[in-house]
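Raw target00.txt, compact mmCIF, C-alpha atoms:
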# COMPACT_ATOMS: atom_id res chain seq x y z
CA MET A 1 182.92 -18.43 -32.05
CA THR A 2 179.33 -18.41 -30.74
CA THR A 3 177.15 -15.74 -32.32
CA LYS A 4 176.28 -12.99 -29.87
CA LYS A 5 172.73 -11.70 -29.77
CA ILE A 6 172.85 -7.90 -29.65
CA GLY A 7 169.75 -5.88 -28.85
CA VAL A 8 169.35 -2.29 -30.01
CA PHE A 9 166.77 -0.19 -28.16
CA THR A 10 165.00 2.58 -30.04
CA GLY A 11 162.58 4.85 -28.22
CA SER A 12 161.25 6.97 -31.09
CA ARG A 13 161.18 7.20 -34.86
CA SER A 14 163.79 9.98 -34.92
CA GLU A 15 166.09 7.96 -32.67
CA TYR A 16 165.64 4.93 -34.92
CA GLY A 17 167.20 6.91 -37.77
CA LEU A 18 170.24 7.69 -35.63
CA LEU A 19 170.68 3.99 -34.85
CA VAL A 20 170.38 2.66 -38.41
CA PRO A 21 174.18 2.61 -39.04
CA ILE A 22 174.71 0.59 -35.86
CA MET A 23 171.90 -1.85 -36.66
CA ARG A 24 173.25 -2.34 -40.17
CA ALA A 25 176.76 -2.98 -38.85
CA VAL A 26 175.53 -5.46 -36.22
CA GLU A 27 173.37 -7.24 -38.80
CA ALA A 28 176.32 -7.49 -41.22
CA HIS A 29 178.86 -8.74 -38.67
CA PRO A 30 179.39 -12.52 -38.94
CA ASP A 31 179.67 -12.96 -35.18
CA LEU A 32 176.64 -10.89 -34.18
CA GLN A 33 172.86 -11.28 -34.42
CA LEU A 34 170.57 -8.24 -34.31
CA SER A 35 167.42 -7.89 -32.20
CA VAL A 36 165.53 -4.59 -32.27
CA VAL A 37 163.68 -3.55 -29.10
CA SER A 38 161.24 -0.70 -29.73
CA GLY A 39 159.67 1.67 -27.23
CA ASP A 40 158.13 3.81 -29.97
CA PRO A 41 154.31 3.75 -29.72
CA SER A 42 154.07 4.14 -33.52
CA PRO A 43 157.20 2.62 -35.09
CA GLY A 44 155.94 2.89 -38.68
CA ASN A 45 157.76 0.71 -41.22
CA PRO A 46 161.23 0.11 -39.78
CA GLU A 47 164.09 -1.21 -41.86
CA PHE A 48 164.66 -4.13 -39.48
CA PRO A 49 161.99 -6.36 -37.90
CA ILE A 50 161.11 -5.55 -34.30
CA SER A 51 161.85 -8.40 -31.91
CA ALA A 52 160.07 -6.80 -28.94
CA HIS A 53 157.66 -3.85 -28.87
CA VAL A 54 157.11 -2.12 -25.53
CA PRO A 55 155.34 1.23 -26.17
CA ILE A 56 156.63 3.97 -23.86
CA ALA A 57 154.74 7.26 -23.92
CA ARG A 58 153.52 10.02 -21.65
CA GLN A 59 149.75 9.98 -21.23
CA ASP A 60 149.22 13.71 -20.61
CA GLU A 61 151.02 17.03 -20.02
CA THR A 62 151.31 16.70 -16.22
CA PRO A 63 154.71 16.57 -14.47
CA ALA A 64 153.95 13.02 -13.33
CA SER A 65 153.56 11.76 -16.89
CA THR A 66 157.29 11.31 -17.52
CA PRO A 67 158.16 9.30 -14.38
CA ASN A 68 155.02 7.23 -14.91
CA ALA A 69 156.13 6.45 -18.47
CA ILE A 70 159.63 5.52 -17.25
CA GLY A 71 158.19 3.19 -14.62
CA GLN A 72 155.87 1.46 -17.06
CA GLY A 73 158.75 1.22 -19.53
CA VAL A 74 161.03 -0.45 -17.00
CA LEU A 75 158.36 -3.05 -16.20
CA GLY A 76 157.60 -3.83 -19.84
CA LEU A 77 161.20 -3.88 -20.99
CA THR A 78 162.27 -6.13 -18.11
CA LYS A 79 159.76 -8.72 -19.26
CA ALA A 80 160.83 -8.35 -22.90
CA LEU A 81 164.52 -8.72 -22.08
CA ASP A 82 163.80 -11.88 -20.11
CA GLN A 83 162.24 -13.38 -23.24
CA LEU A 84 164.89 -12.21 -25.72
CA GLU A 85 167.91 -13.66 -23.89
CA LEU A 86 170.35 -11.09 -25.28
CA ASP A 87 174.10 -10.94 -24.77
CA ALA A 88 174.08 -7.13 -24.76
CA LEU A 89 171.78 -4.15 -25.28
CA ILE A 90 172.70 -0.89 -27.02
CA VAL A 91 170.96 2.25 -25.73
CA TYR A 92 171.22 5.70 -27.30
CA GLY A 93 171.27 9.18 -25.85
CA ASP A 94 169.44 10.75 -22.96
CA ARG A 95 165.66 10.62 -23.33
CA PHE A 96 163.28 9.18 -20.74
CA GLU A 97 162.52 6.14 -22.91
CA ALA A 98 166.24 5.36 -23.09
CA LEU A 99 166.58 5.77 -19.31
CA ALA A 100 163.88 3.13 -18.84
CA ALA A 101 165.79 0.76 -21.13
CA MET A 102 169.09 1.44 -19.35
CA ILE A 103 167.58 0.72 -15.94
CA ALA A 104 165.85 -2.47 -17.09
CA SER A 105 168.97 -3.76 -18.82
CA THR A 106 171.69 -2.97 -16.30
CA GLN A 107 169.70 -3.91 -13.21
CA ARG A 108 169.20 -7.43 -14.55
CA GLY A 109 172.95 -7.78 -15.19
CA LEU A 110 172.88 -7.50 -18.97
CA ALA A 111 175.95 -5.95 -20.61
CA THR A 112 174.75 -2.54 -21.78
CA ALA A 113 176.42 -0.15 -24.22
CA HIS A 114 175.65 3.57 -24.18
CA ILE A 115 175.89 5.74 -27.30
CA GLU A 116 176.64 9.48 -26.95
CA GLY A 117 177.64 9.49 -23.29
CA GLY A 118 179.84 12.33 -22.07
CA ASP A 119 178.11 14.99 -24.15
CA LEU A 120 177.38 18.29 -22.43
CA THR A 121 174.17 20.31 -22.63
CA GLN A 122 173.54 22.91 -19.98
CA GLY A 123 170.45 24.59 -21.32
CA GLY A 124 167.81 23.78 -18.75
CA THR A 125 166.78 20.38 -20.07
CA LEU A 126 167.02 17.17 -18.09
CA ASP A 127 169.27 15.70 -20.80
CA ASP A 128 172.55 16.21 -18.96
CA VAL A 129 171.55 14.56 -15.69
CA VAL A 130 169.78 11.69 -17.47
CA ARG A 131 172.69 11.14 -19.87
CA HIS A 132 175.29 11.12 -17.11
CA ALA A 133 173.16 8.83 -14.94
CA MET A 134 172.90 6.44 -17.88
CA SER A 135 176.68 6.58 -18.35
CA LYS A 136 177.25 5.55 -14.73
CA LEU A 137 174.92 2.59 -15.25
CA ALA A 138 176.34 1.52 -18.63
CA HIS A 139 179.16 -1.00 -19.05
CA LEU A 140 180.55 0.12 -22.42
CA HIS A 141 180.70 3.65 -23.81
CA PHE A 142 180.73 4.90 -27.39
CA PRO A 143 181.03 8.71 -27.22
CA THR A 144 180.85 10.77 -30.40
CA ASN A 145 183.92 12.93 -29.80
CA ALA A 146 187.14 13.19 -27.82
CA ASP A 147 185.80 15.85 -25.43
CA ALA A 148 182.95 13.54 -24.44
CA ALA A 149 185.36 10.63 -23.94
CA ARG A 150 187.46 12.79 -21.62
CA ARG A 151 184.38 13.69 -19.56
CA LEU A 152 183.54 10.01 -19.15
CA ARG A 153 187.03 9.38 -17.79
CA ASP A 154 186.60 12.39 -15.48
CA MET A 155 183.39 10.75 -14.22
CA GLY A 156 185.46 7.77 -13.07
CA GLU A 157 184.75 5.45 -15.99
CA GLU A 158 187.56 3.02 -16.76
CA ASN A 159 189.42 3.91 -19.94
CA TRP A 160 189.13 0.42 -21.48
CA ARG A 161 185.33 0.74 -21.47
CA ILE A 162 185.44 3.88 -23.67
CA THR A 163 185.72 3.85 -27.48
CA THR A 164 185.33 7.14 -29.34
CA ALA A 165 183.15 6.11 -32.29
CA GLY A 166 181.93 9.37 -33.84
CA PHE A 167 178.33 10.36 -34.50
CA PRO A 168 176.55 7.35 -36.10
CA PRO A 169 174.46 9.24 -38.71
CA ILE A 170 177.67 10.52 -40.29
CA ASP A 171 178.09 6.95 -41.60
CA LEU A 172 174.92 7.39 -43.65
CA ILE A 173 175.77 10.89 -44.77
CA GLU A 174 179.22 9.86 -45.98
CA ALA A 175 177.58 6.99 -47.90
CA ARG A 176 175.14 9.50 -49.49
CA ASP A 177 172.28 7.49 -48.00
CA PHE A 178 169.64 10.20 -48.00
CA ALA A 179 166.98 11.63 -50.30
CA GLY A 180 168.36 13.24 -53.46
CA LEU A 181 167.69 16.85 -54.38
CA GLU A 182 164.97 15.98 -56.89
CA ASP A 183 163.28 13.63 -54.44
CA VAL A 184 163.22 16.38 -51.79
CA VAL A 185 161.65 18.82 -54.25
CA VAL A 186 158.97 16.34 -55.28
CA GLU A 187 158.19 15.03 -51.78
CA LEU A 188 157.79 18.49 -50.24
CA GLY A 189 156.59 20.43 -53.26
CA LEU A 190 159.48 22.91 -53.19
CA ASP A 191 160.14 25.56 -55.81
CA SER A 192 162.30 23.68 -58.32
CA GLU A 193 162.48 26.08 -61.26
CA SER A 194 164.22 28.91 -59.39
CA PRO A 195 165.23 27.65 -55.92
CA VAL A 196 164.50 30.13 -53.14
CA PRO A 197 166.02 30.16 -49.65
CA THR A 198 164.71 27.41 -47.39
CA VAL A 199 164.16 27.51 -43.62
CA LEU A 200 163.93 24.12 -41.87
CA PHE A 201 162.53 24.67 -38.37
CA THR A 202 162.24 22.44 -35.28
CA LEU A 203 161.72 23.64 -31.69
CA HIS A 204 161.57 21.34 -28.66
CA PRO A 205 160.31 22.35 -25.20
CA ILE A 206 162.81 22.84 -22.40
CA SER A 207 162.21 20.14 -19.79
CA THR A 208 162.76 22.27 -16.70
CA SER A 209 160.58 25.16 -17.92
CA PRO A 210 157.76 23.75 -20.08
CA ALA A 211 155.53 26.72 -19.25
CA THR A 212 157.76 28.99 -21.36
CA ALA A 213 157.11 26.97 -24.54
CA SER A 214 154.23 29.22 -25.66
CA ALA A 215 156.30 32.40 -25.48
CA GLU A 216 159.31 30.73 -27.12
CA ILE A 217 157.38 29.37 -30.08
CA ALA A 218 155.60 32.72 -30.49
CA ALA A 219 158.94 34.53 -30.87
CA CYS A 220 160.15 31.89 -33.30
CA MET A 221 157.02 31.97 -35.45
CA ALA A 222 157.17 35.75 -35.69
CA ALA A 223 160.75 35.53 -36.96
CA ILE A 224 159.95 32.65 -39.33
CA GLY A 225 157.01 34.60 -40.72
CA ARG A 226 159.31 37.53 -41.47
CA ALA A 227 161.75 35.17 -43.18
CA GLU A 228 158.93 34.18 -45.52
CA THR A 229 157.64 37.68 -46.23
CA GLU A 230 160.85 39.75 -46.12
CA LEU A 231 163.41 37.23 -47.41
CA GLY A 232 161.18 35.18 -49.68
CA ALA A 233 162.06 31.95 -47.88
CA GLN A 234 160.09 28.74 -48.21
CA ILE A 235 159.31 27.31 -44.77
CA ILE A 236 159.47 23.67 -43.61
CA LEU A 237 158.19 23.03 -40.08
CA THR A 238 158.42 19.79 -38.09
CA HIS A 239 156.77 18.80 -34.81
CA PRO A 240 158.68 18.80 -31.53
CA ASN A 241 159.54 15.75 -29.44
CA GLY A 242 157.02 14.37 -26.95
CA ASP A 243 158.23 16.17 -23.82
CA VAL A 244 155.98 18.26 -21.57
CA GLY A 245 155.30 21.57 -23.33
CA SER A 246 155.13 20.07 -26.80
CA ALA A 247 151.36 20.58 -27.13
CA ALA A 248 151.73 24.37 -27.05
CA ILE A 249 154.38 24.22 -29.77
CA ILE A 250 152.25 21.99 -32.00
CA ASP A 251 149.28 24.34 -31.62
CA ALA A 252 151.43 27.29 -32.71
CA LEU A 253 152.82 25.39 -35.69
CA GLU A 254 149.32 24.49 -36.87
CA THR A 255 148.18 28.11 -36.48
CA PHE A 256 151.18 29.30 -38.49
CA LYS A 257 150.37 26.79 -41.21
CA SER A 258 146.78 28.09 -41.38
CA ASP A 259 148.00 31.67 -41.70
CA HIS A 260 150.82 30.80 -44.12
CA PRO A 261 149.40 28.23 -46.54
CA LYS A 262 152.64 27.88 -48.51
CA ALA A 263 154.47 26.65 -45.39
CA ILE A 264 155.08 22.90 -45.14
CA LEU A 265 154.23 21.22 -41.82
CA ARG A 266 155.17 17.60 -41.08
CA LYS A 267 155.01 15.60 -37.87
CA SER A 268 158.31 14.03 -38.88
CA LEU A 269 160.38 14.02 -42.04
CA GLY A 270 162.05 10.72 -41.21
CA ARG A 271 165.82 10.35 -41.26
CA HIS A 272 166.17 9.74 -45.01
CA LEU A 273 164.16 12.80 -46.05
CA TYR A 274 165.41 14.98 -43.18
CA HIS A 275 169.01 14.49 -44.25
CA GLY A 276 167.93 15.14 -47.82
CA VAL A 277 166.49 18.49 -46.74
CA LEU A 278 169.69 19.40 -44.89
CA ASN A 279 171.62 18.58 -48.06
CA TYR A 280 169.17 20.69 -50.07
CA CYS A 281 169.71 23.60 -47.67
CA GLY A 282 173.47 23.21 -47.92
CA GLN A 283 173.31 23.13 -51.72
CA HIS A 284 170.71 25.85 -52.26
CA GLY A 285 171.33 28.47 -49.58
CA GLY A 286 169.03 27.28 -46.82
CA VAL A 287 169.29 27.23 -43.04
CA CYS A 288 168.36 24.89 -40.17
CA VAL A 289 166.64 26.83 -37.35
CA GLY A 290 165.56 25.83 -33.84
CA ASN A 291 167.00 24.12 -30.78
CA SER A 292 167.36 20.49 -31.86
CA SER A 293 170.70 18.77 -31.36
CA SER A 294 170.61 17.79 -35.04
CA GLY A 295 171.26 21.43 -35.85
CA LEU A 296 174.65 21.04 -34.24
CA LYS A 297 175.54 17.40 -34.91
CA GLU A 298 174.26 16.71 -38.43
CA THR A 299 174.34 20.03 -40.28
CA PRO A 300 178.16 20.36 -40.44
CA ALA A 301 178.37 17.29 -42.68
CA PHE A 302 176.12 19.07 -45.21
CA HIS A 303 177.80 22.49 -44.87
CA CYS A 304 174.37 23.75 -43.85
CA PRO A 305 174.12 26.90 -41.66
CA THR A 306 172.33 26.60 -38.34
CA VAL A 307 170.58 29.15 -36.14
CA ASP A 308 170.59 27.65 -32.64
CA ILE A 309 167.90 29.30 -30.51
CA GLY A 310 167.90 29.67 -26.74
CA PRO A 311 169.73 27.72 -24.06
CA ARG A 312 168.70 24.13 -24.86
CA GLN A 313 172.02 23.17 -26.50
CA ASN A 314 174.30 25.26 -24.28
CA GLY A 315 177.64 23.53 -23.77
CA ARG A 316 177.29 21.10 -26.68
CA LEU A 317 180.14 20.77 -29.14
CA ARG A 318 179.43 22.86 -32.24
CA GLY A 319 181.04 23.75 -35.54
CA GLU A 320 181.64 27.08 -37.23
CA ASN A 321 178.38 26.75 -39.16
CA VAL A 322 176.32 27.55 -36.03
CA LEU A 323 174.96 30.96 -35.04
CA HIS A 324 173.62 31.06 -31.47
CA VAL A 325 170.90 33.55 -30.50
CA PRO A 326 168.48 34.15 -27.61
CA CYS A 327 164.84 33.28 -28.13
CA GLU A 328 163.84 36.76 -29.27
CA GLU A 329 162.15 37.62 -32.57
CA ASN A 330 164.64 40.20 -33.82
CA ALA A 331 167.69 38.15 -32.86
CA ILE A 332 166.31 35.06 -34.57
CA PHE A 333 165.37 36.93 -37.74
CA ASP A 334 168.73 38.72 -37.93
CA ALA A 335 170.56 35.38 -37.65
CA ILE A 336 168.37 33.81 -40.34
CA ARG A 337 169.08 36.79 -42.59
CA THR A 338 172.82 36.38 -41.99
CA ALA A 339 172.67 32.68 -42.82
CA LEU A 340 170.69 33.29 -46.01
CA THR A 341 172.40 36.44 -47.32
CA ASP A 342 175.86 36.94 -45.79
CA ARG A 343 178.31 35.62 -48.36
CA ALA A 344 181.29 35.74 -45.98
CA PHE A 345 179.46 33.58 -43.44
CA GLN A 346 178.25 31.20 -46.15
CA SER A 347 181.83 30.82 -47.41
CA ALA A 348 183.04 30.03 -43.88
CA VAL A 349 180.31 27.39 -43.51
CA ARG A 350 181.39 25.67 -46.73
CA LYS A 351 184.97 25.44 -45.44
CA ALA A 352 184.16 24.48 -41.83
CA ASP A 353 185.29 21.12 -40.44
CA ASN A 354 182.84 18.63 -38.97
CA PRO A 355 183.65 18.06 -35.26
CA TYR A 356 181.57 14.85 -35.10
CA GLY A 357 183.71 12.42 -37.08
CA GLN A 358 184.01 11.15 -40.62
CA GLY A 359 181.71 8.13 -40.66
CA ASN A 360 182.75 4.74 -39.25
CA ALA A 361 180.73 4.56 -36.05
CA GLY A 362 178.63 1.50 -36.90
CA PRO A 363 181.49 -0.88 -37.74
CA THR A 364 183.54 0.45 -34.81
CA ILE A 365 180.77 -0.34 -32.33
CA ALA A 366 179.99 -3.74 -33.86
CA ASN A 367 183.65 -4.79 -33.77
CA VAL A 368 184.07 -3.85 -30.11
CA LEU A 369 180.96 -5.83 -29.15
CA ALA A 370 182.17 -8.83 -31.16
CA GLU A 371 185.62 -8.77 -29.57
CA THR A 372 184.48 -8.19 -25.95
CA ASP A 373 183.61 -11.03 -23.60
CA LEU A 374 180.20 -9.61 -22.75
CA SER A 375 179.50 -12.17 -20.03
CA SER A 376 182.76 -11.47 -18.19
CA THR A 377 182.51 -10.46 -14.55
CA SER A 378 184.93 -7.59 -15.26
CA VAL A 379 182.44 -6.12 -17.75
CA ILE A 380 179.40 -6.34 -15.50
CA GLN A 381 181.04 -5.40 -12.18
CA LYS A 382 182.08 -1.79 -12.74
CA GLN A 383 184.87 -0.02 -10.91
CA THR A 384 184.98 3.73 -10.40
CA VAL A 385 188.48 5.15 -10.83
CA PHE A 386 189.58 8.63 -9.72
Please render this file's structure as structure tokens.
Amino acid sequence: MTTKKIGVFTGSRSEYGLLVPIMRAVEAHPDLQLSVVSGDPSPGNPEFPISAHVPIARQDETPASTPNAIGQGVLGLTKALDQLELDALIVYGDRFEALAAMIASTQRGLATAHIEGGDLTQGGTLDDVVRHAMSKLAHLHFPTNADAARRLRDMGEENWRITTAGFPPIDLIEARDFAGLEDVVVELGLDSESPVPTVLFTLHPISTSPATASAEIAACMAAIGRAETELGAQIILTHPNGDVGSAAIIDALETFKSDHPKAILRKSLGRHLYHGVLNYCGQHGGVCVGNSSSGLKETPAFHCPTVDIGPRQNGRLRGENVLHVPCEENAIFDAIRTALTDRAFQSAVRKADNPYGQGNAGPTIANVLAETDLSSTSVIQKQTVF
């Protein structure tokens, strides 16, 4: 059998961490060869060498910045794909960088696999429309759960193209591939002698209403400040994604850090340390707070409580470890207090099932790509079935 050259597109450092299980599985498969295509302007020190680097980034906070970045990304990625001569490209999720990769790949007739299609988020972001548009362009689908697979079929996607694979990072979590408790304490300077409650906070702007970011982060910071002073919590803050509205959130985080010197502020924890912190929170009575999808998709595997703020993740599959609240100071603080002090809720979190799979996504995806005739006309020429 001829070895197939499989490209994996990663648009940001956080997305790279989600794709690691897939890249490892492709790299390990005897019939596949891995090529990493990066759109991250600052990819850092990735685990796998980058075969093509096409930086995709917004240049300012104007509404035109995102479509401009998509357009430049399509042009750059088209050229890169011409040079790589891949048999297929894997694209993850629903961000604008991924949309650029999906357009460049499918419009040149390259078999393209989409990870996490069929998910539902109705909270005012552009994620839903971008994700579903990408699904209609993609040739193969690897949804994370059965509900998402059903939605893909309802969208007219042929059943044979759909393989429910689970959420890829669960592979790493099940393998205990994350920072240990002692490493987390040392890296972040946490209180190790008598562990205190920990709040891990991330807030992203809402794409369709970036002007509200200042008010939203203000309410969150007021609640987080009370968690520190009234509950004795240690605070870990991370930067938002790069969408319009992120600058206001970053400014507020830096101001909070100045006013609360014990708080820890990082641009990014990286996947290995981030999962280590979630494990720390699950083990030592902490909570994940904000509106990131990781609060819904990754925390259940660590039995870590989540306070999901505002509408951003509305409609997304969630476990019993999640408390949903509006973006209001008192509501946020009350939910944090419940997560950190309510023993009945904490007991329920420890017993809750994980709705995002048990950890075999990488090998599942690699095997399907190895067994599929990726150059077949039936793969490239899609049919819509209703």
For this session: Go through A:His284, A:Lys262, A:His303, A:Arg58 one by one, measure the shortest atom-to-atom distance of each to Ile173 (chain A) using only C-alpha atoms, and give the residue with the smallest value.
Result: A:His303
Show me a table, sorted first by chain and then by increasing residue number, of the residues of region 38-111 of chain A having an atom at most 6 Å from region 2-17 of chain A, each with its shortest atom pair and the distance in Å to one decimal, counting only C-alpha atoms and written as CSV.
residue,atom,partner,partner_atom,distance
A:Ser38,CA,A:Thr10,CA,5.0
A:Gly39,CA,A:Gly11,CA,4.4
A:Asp40,CA,A:Ser12,CA,4.6
A:Leu86,CA,A:Lys5,CA,5.1
A:Asp87,CA,A:Lys5,CA,5.2
A:Ala88,CA,A:Ile6,CA,5.1
A:Leu89,CA,A:Gly7,CA,4.5
A:Ile90,CA,A:Val8,CA,4.7
A:Val91,CA,A:Phe9,CA,5.4
A:Glu97,CA,A:Gly11,CA,5.5
Exercise. Within 12 Å of Thr106 (chain A), counting only C-alpha atoms, which residues qualify if same-chain residues fewer than 2 places away don't, as an MDAnalysis selection string?
Worked result: chainID A and resid 74 77:78 81 87:91 99:104 108:114 133:140 379:382
Exercise. Between CA of Asn279 (chain A) and CA of Leu188 (chain A), what is the spacing in Å?
Worked result: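 A separation of 14.0 Å between them.
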Taking only residues of region 141-234 of chain A that have an atom at most 9 Å from an atom of region 364-376 of chain A, what is each one's shortest atom pair and its distance in Å to one decimal, using all atoms listed in the file, in chain and number order, as a Markdown table?
| residue | atom | partner | partner_atom | distance |
| --- | --- | --- | --- | --- |
| A:Phe142 | CA | A:Ile365 | CA | 7.2 |
| A:Thr163 | CA | A:Ile365 | CA | 8.1 |
| A:Thr164 | CA | A:Thr364 | CA | 8.8 |
| A:Ala165 | CA | A:Thr364 | CA | 6.2 |
Problem set entry | One-decimal distance in Å that lies between CA of Met23 (chain A) and CA of Asp177 (chain A) | 14.7 Å
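Closest to Ile162 (chain A) among A:Ala179, A:Leu231, A:Ile115, A:Val185 is A:Ile115, based on only C-alpha atoms.
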Exercise. Nearest to Leu172 (chain A) among A:Gln358, A:Ser378, A:Asn314, A:Thr202, with distances taken over all atoms listed in the file: which residue is it?
Worked result: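 Residue with the minimum atom-to-atom distance to Leu172 (chain A): A:Gln358.
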Seminar exercise, completed: For Glu187 (chain A), the closest of A:Lys79, A:Arg95, A:His272, A:Arg312 counting only C-alpha atoms is A:His272
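We find CA of Ala222 (chain A) and CA of His324 (chain A) to be spaced 17.6 Å apart.
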Could you give me, as a PDB file with C-alpha atoms, in the coordinates of the input, the residues within 8 Å of Leu152 (chain A), counting only C-alpha atoms and dropping anything in the same chain fewer than 4 positions from it?
ATOM      1  CA  GLY A 117     177.640   9.490 -23.290  1.00  0.00           C
ATOM      2  CA  GLY A 118     179.840  12.330 -22.070  1.00  0.00           C
ATOM      3  CA  SER A 135     176.680   6.580 -18.350  1.00  0.00           C
ATOM      4  CA  ALA A 148     182.950  13.540 -24.440  1.00  0.00           C
ATOM      5  CA  GLY A 156     185.460   7.770 -13.070  1.00  0.00           C
ATOM      6  CA  GLU A 157     184.750   5.450 -15.990  1.00  0.00           C
ATOM      7  CA  ILE A 162     185.440   3.880 -23.670  1.00  0.00           C
TER       8      ILE A 162
END
For this session: Extract, using all atoms listed in the file, all DNA, RNA and protein residues at most 10 Å from region 304-309 of chain A, discarding same-chain residues fewer than 4 positions from it, and format them as a ChimeraX atom specification.
Result: /A:199-201,203,216,220,277-296,298-300,313-314,319-328,331-336,338-340,345-346,348-350
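Among the candidate residues A:Val130, A:Leu120, A:Arg271, A:Ile170, the one lying nearest to Arg150 (chain A) is A:Leu120, with distances computed using all atoms listed in the file.
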Exercise. Hey, which of A:Leu126, A:Ala301, A:Ala218, A:Ala98 ends up closest to Arg176 (chain A)? Count only C-alpha atoms.
Worked result: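 Smallest distance to Arg176 (chain A) is found for A:Ala301.
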Problem set entry | Near-Asp191 (chain A) list (12 Å; only C-alpha atoms; drop same-chain fewer than 6 positions) as a ChimeraX atom specification | /A:181-182,184-185,197-198,232-235,262-263,280,284
Save region 294-309 of chain A from what I just supplied, as a compact mmCIF listing (two decimals), in the first residue's frame, atoms limited to N, CA and C atoms.
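What follows is the written file selection.txt:
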# COMPACT_ATOMS: atom_id res chain seq x y z
N SER A 294 -13.63 24.74 26.43
CA SER A 294 -12.89 23.75 27.23
C SER A 294 -13.55 23.53 28.58
N GLY A 295 -14.27 24.54 29.07
CA GLY A 295 -14.98 24.39 30.33
C GLY A 295 -16.08 23.37 30.26
N LEU A 296 -16.55 23.09 29.05
CA LEU A 296 -17.58 22.08 28.87
C LEU A 296 -17.01 20.76 28.39
N LYS A 297 -16.00 20.81 27.52
CA LYS A 297 -15.54 19.60 26.84
C LYS A 297 -14.40 18.88 27.55
N GLU A 298 -13.59 19.60 28.30
CA GLU A 298 -12.41 18.97 28.91
C GLU A 298 -12.54 18.77 30.42
N THR A 299 -13.29 19.63 31.09
CA THR A 299 -13.39 19.53 32.55
C THR A 299 -14.06 18.24 33.05
N PRO A 300 -15.05 17.67 32.33
CA PRO A 300 -15.67 16.46 32.87
C PRO A 300 -14.69 15.32 33.09
N ALA A 301 -13.67 15.23 32.24
CA ALA A 301 -12.70 14.15 32.37
C ALA A 301 -11.87 14.28 33.64
N PHE A 302 -11.81 15.49 34.20
CA PHE A 302 -11.04 15.72 35.44
C PHE A 302 -11.95 15.85 36.66
N HIS A 303 -13.27 15.68 36.46
CA HIS A 303 -14.23 15.88 37.55
C HIS A 303 -14.03 17.26 38.17
N CYS A 304 -13.84 18.24 37.29
CA CYS A 304 -13.61 19.62 37.70
C CYS A 304 -14.88 20.43 37.47
N PRO A 305 -15.40 21.13 38.49
CA PRO A 305 -16.58 21.98 38.30
C PRO A 305 -16.31 23.10 37.31
N THR A 306 -17.35 23.54 36.63
CA THR A 306 -17.26 24.64 35.69
C THR A 306 -18.37 25.65 35.95
N VAL A 307 -18.03 26.92 35.90
CA VAL A 307 -19.03 27.99 35.87
C VAL A 307 -18.99 28.59 34.47
N ASP A 308 -20.03 28.30 33.69
CA ASP A 308 -20.12 28.77 32.30
C ASP A 308 -20.88 30.08 32.28
N ILE A 309 -20.23 31.13 31.81
CA ILE A 309 -20.77 32.49 31.91
C ILE A 309 -21.34 32.96 30.57
